[in-house]
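J.: As input, take structure02.cif (mmCIF, C-alpha atoms):
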```
data_work
#
loop_
_atom_site.label_atom_id
_atom_site.label_comp_id
_atom_site.auth_asym_id
_atom_site.auth_seq_id
_atom_site.Cartn_x
_atom_site.Cartn_y
_atom_site.Cartn_z
CA GLU A 29 112.27 126.82 213.59
CA GLN A 30 110.08 125.66 216.48
CA GLN A 31 108.78 129.17 217.12
CA TRP A 32 107.88 129.57 213.42
CA GLN A 33 105.90 126.32 213.50
CA LEU A 34 103.97 127.51 216.55
CA GLN A 35 103.17 130.79 214.79
CA VAL A 36 101.84 129.02 211.70
CA ALA A 37 99.81 126.60 213.83
CA SER A 38 98.06 129.51 215.57
CA VAL A 39 96.89 131.15 212.34
CA GLN A 40 93.73 129.12 211.84
CA ASP A 41 92.56 129.72 215.40
CA SER A 42 93.23 133.46 215.18
CA MET A 43 91.36 133.81 211.88
CA THR A 44 88.24 132.10 213.18
CA LYS A 45 88.12 134.66 215.99
CA GLN A 46 88.70 137.79 213.92
CA ARG A 47 88.28 138.48 210.20
CA THR A 48 87.97 142.26 210.22
CA ARG A 49 90.81 144.60 209.50
CA ARG A 50 92.21 146.59 212.40
CA PRO A 51 92.75 150.26 211.57
CA PHE A 52 96.44 151.05 211.37
CA ASN A 53 98.04 154.18 212.70
CA LEU A 54 101.83 154.13 212.88
CA LYS A 55 102.17 156.46 215.87
CA ASN A 56 99.53 154.62 217.91
CA SER A 57 100.18 151.06 216.79
CA SER A 58 102.35 148.66 218.76
CA TRP A 59 101.39 145.56 216.73
CA TYR A 60 104.76 145.15 215.11
CA PHE A 61 106.94 146.84 217.71
CA SER A 62 108.79 144.90 220.38
CA SER A 63 107.10 146.93 223.14
CA PRO A 64 104.12 149.33 223.27
CA ASN A 65 106.27 152.24 224.46
CA SER A 66 108.62 151.99 221.51
CA ALA A 67 105.85 152.90 219.06
CA ALA A 68 105.57 156.43 220.44
CA THR A 69 109.29 157.09 220.31
CA ILE A 70 110.34 155.20 217.20
CA PHE A 71 110.76 158.34 215.09
CA ASN A 72 113.31 159.71 217.55
CA SER A 73 114.87 156.40 218.51
CA PRO A 74 118.59 155.78 218.18
CA PRO A 75 119.71 153.75 215.17
CA LEU A 76 120.21 150.61 217.30
CA LEU A 77 116.55 150.56 218.36
CA GLN A 78 115.38 151.30 214.83
CA ARG A 79 117.38 148.38 213.52
CA ARG A 80 115.89 146.16 216.19
CA GLU A 81 112.34 147.16 215.23
CA ILE A 82 113.06 146.52 211.54
CA HIS A 83 114.62 143.16 212.41
CA TRP A 84 111.51 142.24 214.41
CA LEU A 85 109.19 143.15 211.54
CA LEU A 86 111.14 141.24 208.89
CA THR A 87 111.95 138.11 210.90
CA LYS A 88 108.83 137.74 213.06
CA GLU A 89 105.84 139.79 212.00
CA PHE A 90 106.23 139.62 208.23
CA PRO A 91 106.46 135.78 208.03
CA TYR A 92 103.59 135.45 210.51
CA SER A 93 101.40 137.91 208.60
CA CYS A 94 102.14 136.12 205.32
CA SER A 95 101.17 132.79 206.89
CA ARG A 96 97.93 134.40 208.08
CA ILE A 97 97.25 135.71 204.56
CA ARG A 98 98.07 132.31 203.08
CA GLN A 99 95.68 130.56 205.48
CA THR A 100 92.85 132.97 204.60
CA ILE A 101 93.48 132.46 200.88
CA ASP A 102 93.26 128.71 201.39
CA GLU A 103 89.96 129.05 203.23
CA CYS A 104 88.57 131.23 200.42
CA ILE A 105 89.66 128.73 197.74
CA HIS A 106 87.83 125.98 199.62
CA TYR A 107 84.76 128.20 200.00
CA ILE A 108 84.58 128.91 196.26
CA LYS A 109 84.85 125.27 195.21
CA ARG A 110 82.85 123.58 197.93
CA GLY A 111 79.73 121.63 197.05
CA PRO A 112 77.49 118.98 198.61
CA GLY A 113 79.50 116.49 200.65
CA GLN A 114 82.54 118.79 200.84
CA GLY A 115 81.68 120.55 204.09
CA ARG A 116 84.20 120.20 206.88
CA THR A 117 81.51 120.27 209.57
CA PRO A 118 77.74 119.59 209.76
CA GLU A 119 77.23 123.35 210.05
CA GLU A 120 79.14 123.90 206.82
CA GLU A 121 77.02 121.28 205.06
CA GLU A 122 73.95 123.23 206.15
CA GLU A 123 75.45 126.41 204.68
CA ILE A 124 76.14 124.61 201.39
CA ALA A 125 72.54 123.38 201.23
CA GLU A 126 71.33 126.93 201.85
CA GLU A 127 73.58 128.32 199.08
CA ARG A 128 72.21 125.76 196.61
CA LYS A 129 68.60 126.82 196.99
CA PRO A 130 67.15 127.91 193.64
CA ILE A 131 67.34 131.62 192.83
CA ALA A 132 64.14 132.99 191.34
CA ILE A 133 64.66 134.65 187.95
CA ASP A 134 61.90 136.95 186.73
CA THR A 135 61.12 140.28 185.13
CA ALA A 136 58.21 142.67 185.18
CA GLY A 137 55.43 141.24 183.06
CA ASN A 138 57.00 137.76 183.27
CA THR A 139 58.90 138.28 180.02
CA VAL A 140 61.52 135.99 181.56
CA GLU A 141 60.89 133.67 184.49
CA GLY A 142 62.44 130.59 186.05
CA TYR A 143 65.22 129.71 188.48
CA ALA A 144 68.93 128.87 188.69
CA VAL A 145 71.11 126.88 191.13
CA LEU A 146 74.72 127.86 191.84
CA ASN A 147 77.09 125.01 192.76
CA GLY A 148 80.79 125.79 193.13
CA TRP A 149 81.64 127.95 190.11
CA ASN A 150 78.87 126.41 187.98
CA VAL A 151 75.23 127.10 187.38
CA SER A 152 74.42 123.40 187.71
CA GLU A 153 70.69 123.65 187.17
CA ALA A 154 68.30 126.19 185.63
CA LYS A 155 64.87 126.38 184.03
CA ILE A 156 64.03 129.46 181.97
CA THR A 157 60.89 130.51 180.12
CA VAL A 158 61.12 133.42 177.66
CA LYS A 159 58.08 135.24 176.26
CA LEU A 160 58.92 137.68 173.47
CA GLN A 161 56.75 138.74 170.55
CA ARG A 162 59.59 138.31 168.06
CA LEU A 163 60.65 134.90 169.41
CA ASN A 164 59.05 131.52 168.71
CA LYS A 165 56.09 133.23 166.99
CA GLY A 166 55.14 134.84 170.28
CA ALA A 167 54.72 131.50 172.09
CA PRO A 168 56.68 130.88 175.36
CA PHE A 169 60.05 129.24 174.78
CA LYS A 170 61.23 126.94 177.57
CA THR A 171 64.75 125.64 178.07
CA GLU A 172 66.87 124.33 180.93
CA ILE A 173 70.37 123.49 182.17
CA SER A 174 70.54 120.00 183.62
CA THR A 175 73.31 117.79 182.20
CA THR A 176 75.99 120.29 181.11
CA PRO A 177 76.52 123.02 183.72
CA TRP A 178 77.15 126.64 182.82
CA LYS A 179 80.66 127.47 184.02
CA LEU A 180 80.99 130.93 185.53
CA THR A 181 84.46 131.62 184.15
CA GLN A 182 84.78 134.80 186.23
CA LEU A 183 84.43 132.80 189.44
CA GLN A 184 86.87 130.19 188.15
CA ASP A 185 89.32 132.97 187.22
CA ALA A 186 89.00 134.50 190.70
CA HIS A 187 89.82 131.08 192.15
CA ASN A 188 92.84 130.76 189.86
CA TYR A 189 94.24 134.16 190.89
CA LEU A 190 93.93 133.10 194.53
CA VAL A 191 95.78 129.87 193.77
CA LEU A 192 98.57 131.88 192.13
CA ALA A 193 98.84 134.09 195.23
CA ARG A 194 98.94 131.05 197.52
CA ASP A 195 101.59 129.34 195.37
CA ASP A 196 103.64 132.55 195.39
CA LEU A 197 103.64 132.57 199.19
CA ASP A 198 104.46 128.86 199.32
CA THR A 199 107.58 129.37 197.21
CA THR A 200 108.79 132.54 198.95
CA ASN A 201 112.00 132.38 200.97
CA PHE A 202 111.47 134.51 204.09
CA HIS A 203 115.09 134.28 205.21
CA ALA A 204 117.20 137.44 205.37
CA LEU A 205 114.75 139.77 203.62
CA SER A 206 115.24 143.49 203.22
CA ILE A 207 112.31 145.91 203.56
CA GLN A 208 112.40 146.45 199.79
CA GLN A 209 112.26 142.69 199.11
CA ALA A 210 109.41 142.21 201.59
CA ASN A 211 107.52 145.08 199.97
CA LYS A 212 107.91 143.52 196.51
CA ILE A 213 106.55 140.23 197.84
CA ILE A 214 103.45 141.74 199.41
CA ASN A 215 102.84 143.92 196.33
CA ARG A 216 102.84 140.80 194.12
CA ILE A 217 100.36 139.07 196.41
CA ALA A 218 98.10 142.13 196.68
CA LEU A 219 98.00 142.47 192.89
CA LYS A 220 96.81 138.88 192.45
CA ILE A 221 94.19 139.35 195.17
CA LYS A 222 92.94 142.53 193.47
CA GLN A 223 92.71 140.68 190.15
CA ALA A 224 90.65 137.97 191.85
CA GLN A 225 88.31 140.58 193.30
CA ASP A 226 87.89 142.34 189.96
CA GLN A 227 86.44 139.16 188.46
CA LEU A 228 83.35 139.58 190.67
CA LEU A 229 82.85 143.20 189.68
CA MET A 230 83.24 143.35 185.91
CA THR A 231 81.73 141.39 183.04
CA ASP A 232 82.33 141.62 179.29
CA THR A 233 79.16 142.90 177.61
CA SER A 234 80.74 143.50 174.20
CA SER A 235 80.32 139.92 172.96
CA ILE A 236 78.27 136.76 173.31
CA ASN A 237 79.27 133.10 173.42
CA GLU A 238 76.81 131.30 171.16
CA TYR A 239 78.73 128.03 171.42
CA HIS A 240 78.50 128.02 175.23
CA SER A 241 74.79 128.82 175.08
CA GLN A 242 74.05 126.02 172.61
CA MET A 243 76.03 123.47 174.68
CA ALA A 244 74.45 124.24 178.06
CA PHE A 245 70.76 124.81 177.30
CA LEU A 246 68.34 122.05 176.28
CA PRO A 247 66.31 122.29 174.16
CA LYS A 248 68.85 124.29 172.19
CA LEU A 249 68.24 127.99 171.85
CA PRO A 250 66.83 129.37 168.59
CA SER A 251 69.48 130.87 166.34
CA ASN A 252 68.23 134.38 167.10
CA LEU A 253 68.38 134.02 170.91
CA SER A 254 71.42 134.18 173.18
CA MET A 255 71.30 133.59 176.95
CA GLU A 256 74.30 133.86 179.27
CA PHE A 257 74.96 133.70 183.00
CA SER A 258 77.69 135.97 184.35
CA ILE A 259 78.72 137.98 187.43
CA SER A 260 78.72 141.75 187.81
CA HIS A 261 79.05 143.78 191.01
CA LYS A 262 78.68 140.56 193.08
CA PHE A 263 75.30 139.80 191.45
CA LEU A 264 74.43 136.75 189.38
CA ASP A 265 73.26 138.02 185.98
CA LEU A 266 71.19 136.38 183.29
CA THR A 267 71.52 138.30 180.02
CA LEU A 268 69.33 137.66 176.98
CA TYR A 269 69.88 138.98 173.47
CA LEU A 270 67.36 138.66 170.69
CA VAL A 271 69.56 139.14 167.63
CA GLN A 272 69.66 139.18 163.85
CA ASN A 273 72.68 138.02 161.86
CA MET A 274 74.26 140.95 160.03
CA SER A 275 76.38 138.83 157.66
CA GLY A 276 73.55 137.94 155.27
CA PRO A 277 70.30 139.38 153.87
CA ARG A 278 68.11 140.84 156.57
CA LYS A 279 65.11 143.07 157.04
CA ALA A 280 65.54 146.56 158.32
CA ASN A 281 64.88 146.80 162.07
CA PRO A 282 64.41 150.38 163.21
CA GLY A 283 64.21 149.14 166.82
CA ALA A 284 67.73 147.72 166.77
CA HIS A 285 70.00 149.92 168.89
CA GLU A 286 73.27 148.02 169.23
CA THR A 287 75.47 145.33 167.71
CA ILE A 288 77.33 142.49 169.35
CA VAL A 289 79.99 139.94 168.31
CA ASP A 290 79.92 136.20 168.88
CA GLN A 291 83.21 135.15 170.55
CA HIS A 292 83.27 131.70 168.93
CA LYS A 293 82.21 132.31 165.35
CA GLN A 294 83.23 135.98 165.13
CA LYS A 295 79.84 136.86 163.67
CA LEU A 296 78.36 140.31 164.02
CA TYR A 297 74.76 140.50 165.22
CA GLU A 298 72.23 143.28 165.38
CA VAL A 299 70.56 143.37 168.80
CA LEU A 300 66.76 143.59 168.62
CA GLU A 301 66.08 143.13 172.36
CA HIS A 302 68.44 143.10 175.32
CA ILE A 303 67.38 142.00 178.81
CA THR A 304 69.66 141.68 181.84
CA ILE A 305 68.38 140.31 185.15
CA HIS A 306 70.49 141.00 188.26
CA LYS A 307 69.99 138.64 191.19
CA PRO A 308 71.79 138.99 194.54
CA HIS A 309 73.45 135.81 195.77
CA LYS A 310 74.71 135.21 199.29
CA LYS A 311 77.66 133.08 198.22
CA LEU A 312 78.95 135.66 195.71
CA GLU A 313 78.66 138.38 198.34
CA SER A 314 80.53 136.21 200.86
CA ILE A 315 83.33 135.43 198.39
CA PHE A 316 83.76 139.13 197.66
CA LYS A 317 84.00 139.93 201.39
CA PHE A 318 86.42 137.04 201.87
CA ILE A 319 88.72 138.40 199.15
CA GLN A 320 88.38 141.94 200.53
CA THR A 321 89.57 140.66 203.92
CA ILE A 322 92.66 139.16 202.27
CA TYR A 323 93.36 142.38 200.39
CA ASP A 324 93.00 144.41 203.61
CA LEU A 325 95.52 142.13 205.35
CA CYS A 326 97.96 142.77 202.48
CA SER A 327 97.34 146.52 202.65
CA GLU A 328 97.87 146.60 206.41
CA LEU A 329 101.19 144.80 206.10
CA ARG A 330 102.22 147.02 203.19
CA GLU A 331 101.54 150.13 205.29
CA LYS A 332 103.79 148.82 208.06
CA LEU A 333 106.60 148.10 205.61
CA LEU A 334 106.32 151.54 204.00
CA ALA A 335 106.26 153.24 207.39
CA LEU A 336 109.45 151.56 208.57
CA ALA A 337 111.07 152.09 205.17
CA SER A 338 110.35 155.82 205.62
CA ILE A 339 111.89 155.76 209.09
CA THR A 340 114.96 154.03 207.74
CA SER A 341 115.49 156.56 204.95
CA ASN A 342 114.95 159.55 207.26
CA HIS A 343 117.00 158.51 210.28
CA MET A 344 119.57 155.95 209.24
#
```
How would this structure read if it were set down as structure tokens?
T.:
Amino acid sequence: EQQWQLQVASVQDSMTKQRTRRPFNLKNSSWYFSSPNSAATIFNSPPLLQRREIHWLLTKEFPYSCSRIRQTIDECIHYIKRGPGQGRTPEEEEEIAEERKPIAIDTAGNTVEGYAVLNGWNVSEAKITVKLQRLNKGAPFKTEISTTPWKLTQLQDAHNYLVLARDDLDTTNFHALSIQQANKIINRIALKIKQAQDQLLMTDTSSINEYHSQMAFLPKLPSNLSMEFSISHKFLDLTLYLVQNMSGPRKANPGAHETIVDQHKQKLYEVLEHITIHKPHKKLESIFKFIQTIYDLCSELREKLLALASITSNHM
């Protein structure tokens, strides 16, 4: 019990020193073996030594590695949610201030221009000017986000998957595990981490959320304009659709090349113009790397378990 507490207490210090994954090679690795020399001879070891190595992995290294993974998940959850006044150190407060600097949003010809501010999983502030010939009689249309933030649901979902993985580890009983049980545990955790990572890579472009747009932007958007913030491939995206309702009488628009559905009202729209602006963001990139580090830790541990499981099936 005392040794386990010391192992858990050392996790935070070890993670601040090293966040990169060490390459794993079973025949050259002694990380989970009781002595460096045993790694080279494990395949030909007598059953007693093999059992000792498996016992060491399941009772010492596996709980320690899971505590390390859990600590990293916790740090990532804090990083996603943190905002002004939530830094743990003055240096962290400086990082938060840097992350909240406005991101310039523009296109060639200034069809769209403005800025956005990311705070936690929200776009807490934005000012956008749109200049389209078929919008607002050709005059610039200006709108902003100030009182009601735009929630980046993908970032919130990534956070929630991380919370599920952390809770799974918190409720796991590490006593008297078999290799198969340990493998099931780490597979469950790795799946949740992968789901969290996927949220920063993919976005749904098959529909729009008119209700969300009308709630966040002031002045409200014209009925034929949709604007949405989202995340794709670790970039912050602003997507604009100039649309025409297809449920009633409408003029023919030869330039229309796609249709799109409103999630809230289930209306079908004809898309007259579609603009997507991709903007790199340091915080989104850092979150992705953070989650990748967690996934690599899971993969490394999974490789060790599979390697020893193979030894067990071949020699015991």
J.: Mind pulling up the distance from atom CA of Gly111 of chain A to atom CA of Arg128 of chain A?
T.: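 So the answer is 8.6 Å.
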J.: Would you mind telling me which residue in A:Thr267, A:Leu300, A:Ala193, A:Gln208 lies nearest to Ser338 of chain A when using all atoms listed in the file?
T.: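 Of A:Thr267, A:Leu300, A:Ala193, A:Gln208, the one nearest Ser338 of chain A is A:Gln208, counting all atoms listed in the file.
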J.: If the PyMOL selection byres ((chain A and resi 142) around 8) were run on this exact file, what residues would it hold? Put them as a list in words.
T.: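 For this structure, the PyMOL selection byres ((chain A and resi 142) around 8) resolves to Ala132, Ile133, Asp134, Val140, Glu141, Tyr143, Ala144, Ala154, Lys155, Ile156 and Thr157 of chain A.
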J.: Looking at all atoms listed in the file, which of A:Cys326, A:Ile288, A:Ile173, A:Ile213 is the one that sits closest to Gln242 of chain A?
T.: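 Among the listed residues, A:Ile173 lies closest to Gln242 of chain A.
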J.: Give me, please, the distance in Å between atom CA of Gly166 of chain A and atom CA of Ser241 of chain A, quoted to one decimal.
T.: 21.1 Å
J.: Quick one: everything within 7 Å of segment 219-229 of chain A, counting all atoms listed in the file, minus sequence neighbours fewer than 3 positions away in the same chain. Send it as a ChimeraX atom specification.
T.: /A:182-183,185-187,189-190,193,215-216,259-262,316,319,323
J.: Once the PyMOL selection byres ((chain A and resi 322) around 12) is applied to the coordinates I shared, what remains selected? I want it as a short mmCIF file (atom, residue, chain, number, x, y, z; two decimals) with C-alpha atoms, in the frame of the given file.
T.:
```cif
data_model
loop_
_atom_site.label_atom_id
_atom_site.label_comp_id
_atom_site.auth_asym_id
_atom_site.auth_seq_id
_atom_site.Cartn_x
_atom_site.Cartn_y
_atom_site.Cartn_z
CA MET A 43 91.36 133.81 211.88
CA ARG A 47 88.28 138.48 210.20
CA THR A 48 87.97 142.26 210.22
CA ARG A 49 90.81 144.60 209.50
CA SER A 93 101.40 137.91 208.60
CA CYS A 94 102.14 136.12 205.32
CA SER A 95 101.17 132.79 206.89
CA ARG A 96 97.93 134.40 208.08
CA ILE A 97 97.25 135.71 204.56
CA ARG A 98 98.07 132.31 203.08
CA GLN A 99 95.68 130.56 205.48
CA THR A 100 92.85 132.97 204.60
CA ILE A 101 93.48 132.46 200.88
CA ASP A 102 93.26 128.71 201.39
CA GLU A 103 89.96 129.05 203.23
CA CYS A 104 88.57 131.23 200.42
CA ILE A 105 89.66 128.73 197.74
CA LEU A 190 93.93 133.10 194.53
CA ALA A 193 98.84 134.09 195.23
CA ARG A 194 98.94 131.05 197.52
CA ILE A 214 103.45 141.74 199.41
CA ILE A 217 100.36 139.07 196.41
CA ALA A 218 98.10 142.13 196.68
CA LEU A 219 98.00 142.47 192.89
CA LYS A 220 96.81 138.88 192.45
CA ILE A 221 94.19 139.35 195.17
CA LYS A 222 92.94 142.53 193.47
CA ALA A 224 90.65 137.97 191.85
CA GLN A 225 88.31 140.58 193.30
CA ILE A 315 83.33 135.43 198.39
CA PHE A 316 83.76 139.13 197.66
CA LYS A 317 84.00 139.93 201.39
CA PHE A 318 86.42 137.04 201.87
CA ILE A 319 88.72 138.40 199.15
CA GLN A 320 88.38 141.94 200.53
CA THR A 321 89.57 140.66 203.92
CA TYR A 323 93.36 142.38 200.39
CA ASP A 324 93.00 144.41 203.61
CA LEU A 325 95.52 142.13 205.35
CA CYS A 326 97.96 142.77 202.48
CA SER A 327 97.34 146.52 202.65
CA GLU A 328 97.87 146.60 206.41
CA LEU A 329 101.19 144.80 206.10
#
```
J.: What is the atom CA of Val158 of chain A-atom CA of Gln184 of chain A distance in Å, reported with one decimal?
T.: 28.0 Å
J.: Pick out the closest residue to His302 of chain A from this set: A:Leu180, A:Ala335, A:Leu268, A:Ala244. Count only C-alpha atoms.
T.: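 Closest to His302 of chain A of all the choices is A:Leu268.
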J.: Using all atoms listed in the file, which residue out of A:Asn147, A:Thr304, A:Thr199, A:Thr135 lies closest to Gln114 of chain A?
T.: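 For Gln114 of chain A, the nearest of the given residues is A:Asn147.
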J.: May I ask which of the residues A:Leu253, A:Leu334, A:Met243, A:Met230 is the closest one to Arg162 of chain A, counting only C-alpha atoms?
T.: A:Leu253
J.: For segment 133-140 of chain A, take all atoms listed in the file, fit an axis-aligned box around them, add 4 Å to each of the six sides, then output centre and edge lengths in Å rounded to one decimal, as JSON.
T.:
```
{"center_x": 60.0, "center_y": 138.7, "center_z": 184.0, "size_x": 17.2, "size_y": 16.0, "size_z": 15.9}
```
J.: Hey, what comes out of the PyMOL selection byres ((chain A and resi 177) around 6) on this file? Could you write it as a PyMOL selection string?
T.: chain A and resi 150-152+176+178
J.: Neighbourhood query: residues within 9 Å of (105.3, 146.0, 207.3), file coordinates, counting only C-alpha atoms; return as a ChimeraX atom specification.
T.: /A:60,82,85-86,89-90,207,210-211,328-337
